[in-house]
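The block underneath contains the structure these notes are about, expressed in structure tokens.
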Amino acid sequence: MIYSKPTFKEKYHNFINGKFEAPVDGQYFDNHSPVDNKVLAQYPRSNEKDVKLALDAANDAKDSWGKTSVAERAEILHKIADAIQENLREFAEMDTADNGKSIRETINADVPLAIDHFRYFASAIRAEEGSATELNENTLSLVIREPLGVVAQIIPWNFPLLMLAWKVAGALAAGNCVILKPAEQTPASATFLAEKIADLLPPGVFNVLHGFGPEVGKPLASSPRVDKVAFTGETTTGQLIMQYASKNLNPVTMELGGKSPNVFFSSIMDHDDAFLDKCIEGAVLFAFNQGEVCTAPSRLLIQEDIYDAFIKRVIERVNAIKMGDPFDENTMMGAQASNDQQEKILSYIKIGKEEGAEVLTGGGAAKLEGDLANGFYIQPTMLKGHNKMRVFQEEIFGPVVAVCTFKDEAEAIEISNDTMYGLGAGVWTRDAHQIYQVPRAIKAGRVWVNCYHDYPAHAPFGGYKKSGFGRENHLMMLNHYRQTKNMLISY
Ligand code: NAD
């Protein structure tokens, strides 16, 4: 089935205090589609004046929103999920147009997962209602959770609607007002969501500010009128945002970059063909869905005694990847998110070659026909080398996998941990000892074993080391968005 670009209006606005508002200074920027480099629409180039309006609205709304009952908030979150569900196809097409990623991913994974995140937190807050403990027969201990107030949430472009859902669902469920800044590359689905849910929430509870990081993200994160800053993006940007928030001693959640190892042990070859096929998919699929995923398995570690046989099968599978029009549901790899992103990825491929890495497959831009010739496409690329090379150490955020071998379990763990990041990892083995011990030894917030790339709402997600701190999803996220008050009542 062929999907298509949705129809965009010429110009969109910020969503502040329940209304769409033009930017105070009247400035807009063009948003291009990386599919064909055509302009999709214009969005506000907001600045601190627009930030002030959103802060006024959210601060005015926070007391009454924070006092809504859990049942009321849960009901609204379910209605937000319904609104996305009813427009699932349009949300998916919007994210594909904006980001360039294949429709098979947005329609089958990103948007359904976003819906599930709202439903999960709607149910989670109901499930934890009601608890009090008697300290002794004269004293009651009450643990009360209170919303923080107004939270600033700044998100990247790689999963436009899903990153929004990861942040917004838990924050609203906990009773906070949200000011969201989507990435300037992918502003569409946040705007579309605001249109669809404008009547569901009281004015000021959910606000969307468009624009560029230094012009709108910085004043937002620096403001003493926010009570928390949650950020997903590059590690270096996260370091800046922590500095801004620290002036107000504001708590932060940091979901940052990664360089995830995907480790294949010899025992995968000893078993049935179906398992081996699964391993090959596990080495390829999640690295080459454009590769713009924070947990992309961008370092492929293969035990040396199976290297020749395994890499041959992997390369065959990579070469069979269907690249092309992201709106074709058979396309596995679409466009990279922007011209800048394409140039960054190409520069890393060049660096890898200069460092002496062997190009196993790919190695350059992909040339597509027709309108797509103006889009930003890269061949799925595998570079063989060693873990000290820059292409093994630095986040490329594209369809480039760095491949190396290891002798034994100890070396696999050592290489896996030899990076400043600690976000995701994959371990593939049929050995019962390794199934438990290797993931335990890898310093990462999420380790998949004999699978990769699931992101259920109930599984806590976040990084070790320079991949950040704090967790999203799971019940524990709620406490990153609440104060805990203990009342000891004697009677
Ligand atoms: P980025 O850091 O360039 O931008 C992210 C957001 O921050 C954007 O909205 C941007 O406008 C804003 N921003 C930029 N500079 C700012 C500043 N000085 N002050 C305030 N805001 C600023 O990241 P990106 O290129 O959009 O996204 C890719 C990165 O995101 C990768 O490093 C990837 O690993 C990471 N990521 C992490 C996770 C996770 O959960 N750990 C998930 C997705 C993406």
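Residues are referred to by chain and number: the chain letter is A, B, ... according to the order shown in the structure tokens, the number counts from 1 in that chain, and ligands are numbered separately from 1 in the order shown.
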Around ligand 1, which protein and nucleic acid residues have at least one atom no more than 6 Å from it, if we count only C-alpha atoms and all ligand atoms? List them as a tab-separated table (two decimals) with C-alpha atoms, in the first residue's frame.
chain	number	residue	atom	x	y	z
A	154	ILE	CA	12.47	19.60	25.15
A	155	ILE	CA	12.49	16.76	22.62
A	156	PRO	CA	14.45	15.68	19.50
A	157	TRP	CA	13.34	14.85	15.97
A	181	LYS	CA	9.36	22.36	22.73
A	182	PRO	CA	9.42	19.96	19.78
A	183	ALA	CA	12.50	19.77	17.58
A	184	GLU	CA	12.53	22.42	14.88
A	212	PHE	CA	15.20	26.83	17.80
A	213	GLY	CA	17.07	25.62	20.85
A	214	PRO	CA	19.04	28.75	21.81
A	217	GLY	CA	14.67	26.10	24.56
A	218	LYS	CA	17.27	28.08	26.49
A	232	THR	CA	15.98	14.27	25.27
A	233	GLY	CA	18.73	14.95	22.76
A	234	GLU	CA	22.47	15.08	22.33
A	237	THR	CA	23.05	19.88	24.54
A	241	ILE	CA	20.51	22.47	29.66
A	255	GLU	CA	17.82	11.17	27.99
A	256	LEU	CA	20.96	11.51	25.90
A	257	GLY	CA	23.04	9.83	23.22
A	258	GLY	CA	24.22	6.25	22.85
A	294	CYS	CA	19.37	6.61	20.49
A	462	GLY	CA	17.26	5.67	30.53
- Task: Please return as a PyMOL selection string: the residues of range 8-98 of chain A that backbone DSSP assigns to alpha helix (DSSP H).
- Result: chain A and resi 48-66+70-86+88-98
- Message: Applying 7 Å and only C-alpha atoms, which residues near range 378-392 of chain A remain after dropping the ones on its own chain fewer than 3 positions away? List them as a ChimeraX atom specification.
- Response: /A:288,299,318,348,352,355,357-366,399-404,415
Can you list every residue of range 145-195 of chain A that has an atom at most 12 Å from range 17-36 of chain A, with its nearest atom pair and the distance in Å to one decimal, using only C-alpha atoms, ordered by chain then number, as CSV?
residue,atom,partner,partner_atom,distance
A:Trp157,CA,A:Pro34,CA,11.9
A:Cys177,CA,A:Asn17,CA,10.7
A:Val178,CA,A:Asn17,CA,10.8
A:Ile179,CA,A:Asn17,CA,10.3
A:Ala183,CA,A:Asn31,CA,10.8
A:Glu184,CA,A:Asn31,CA,7.6
A:Gln185,CA,A:Asn31,CA,6.5
A:Thr186,CA,A:Asn31,CA,7.7
A:Pro187,CA,A:Asn31,CA,8.0
A:Ala188,CA,A:Asn31,CA,9.1
A:Thr191,CA,A:Phe20,CA,9.3
A:Phe192,CA,A:Phe20,CA,11.3
A:Ala194,CA,A:Gly18,CA,8.5
A:Glu195,CA,A:Phe20,CA,8.6
C-alpha atoms of the current selection, written as a tab-separated table (two decimals), in the first residue's frame:
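The resulting part.tsv:
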chain	number	residue	atom	x	y	z
A	157	TRP	CA	13.34	14.85	15.97
A	177	CYS	CA	1.30	21.56	33.40
A	178	VAL	CA	3.56	21.06	30.39
A	179	ILE	CA	5.40	23.43	28.08
A	183	ALA	CA	12.50	19.77	17.58
A	184	GLU	CA	12.53	22.42	14.88
A	185	GLN	CA	13.00	19.67	12.24
A	186	THR	CA	9.78	17.85	13.20
A	187	PRO	CA	7.13	20.24	14.50
A	188	ALA	CA	4.07	18.73	12.77
A	191	THR	CA	0.87	20.74	16.50
A	192	PHE	CA	-1.61	18.23	15.11
A	194	ALA	CA	-2.67	20.12	20.08
A	195	GLU	CA	-5.43	20.60	17.48
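Between Leu142 in chain A and the residues A:Gly130, A:Asn486, A:Ile80, A:Ala287, the shortest atom-to-atom distance, using only C-alpha atoms, involves A:Asn486.
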- Neighbour list for range 87-103 of chain A as a VMD selection string, cut-off 8 Å, only C-alpha atoms, skip fewer than 2 positions in-chain: chain A and resid 3 to 6 32 to 35 40 83 to 85 105 to 108 110 to 112 157 to 161 185 to 189 192 289 to 290 325 to 329 331 to 338
- How many Å lie between CA of Asn248 in chain A and CA of Glu472 in chain A, rounded to one decimal? 22.6 Å
- Message: Residues within 7 Å of Ile442 in chain A, please, as a PyMOL selection string. Count only C-alpha atoms; anything in the same chain fewer than 3 positions from it doesn't count.
- Response: chain A and resi 413+416-417+438-439
- Message: Give me, as an MDAnalysis selection string, the residues of range 330-375 of chain A that a backbone DSSP run labels strand (DSSP E or B).
- Response: chainID A and resid 333 358:361 365
- Give me the residues within 8 Å of Leu201 in chain A as JSON, numbers by chain, counting only C-alpha atoms and dropping any in the same chain fewer than 3 places off. {"A": [18, 76, 197, 198, 205, 206]}
Give me a file of those residues, with N, CA and C atoms, as a tab-separated table (two decimals), in the first residue's frame.
chain	number	residue	atom	x	y	z
A	18	GLY	N	-4.46	27.07	25.59
A	18	GLY	CA	-5.62	26.47	24.92
A	18	GLY	C	-5.95	27.08	23.57
A	76	ILE	N	-8.98	11.83	31.03
A	76	ILE	CA	-8.50	12.73	29.97
A	76	ILE	C	-7.37	12.06	29.19
A	197	ILE	N	-6.56	17.76	20.69
A	197	ILE	CA	-6.90	17.63	22.12
A	197	ILE	C	-7.18	18.98	22.78
A	198	ALA	N	-7.26	20.03	21.95
A	198	ALA	CA	-7.42	21.39	22.51
A	198	ALA	C	-8.59	21.46	23.49
A	205	VAL	N	-2.73	23.93	30.40
A	205	VAL	CA	-2.18	22.67	30.93
A	205	VAL	C	-1.17	22.06	29.96
A	206	PHE	N	-1.44	22.19	28.67
A	206	PHE	CA	-0.52	21.66	27.66
A	206	PHE	C	-0.24	22.78	26.66
- From A:Val263, A:Met477, A:Met242, A:Ala169, residue lying nearest Gln434 in chain A [only C-alpha atoms]: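 Checking each candidate against Gln434 in chain A, we get A:Val263 as the closest.
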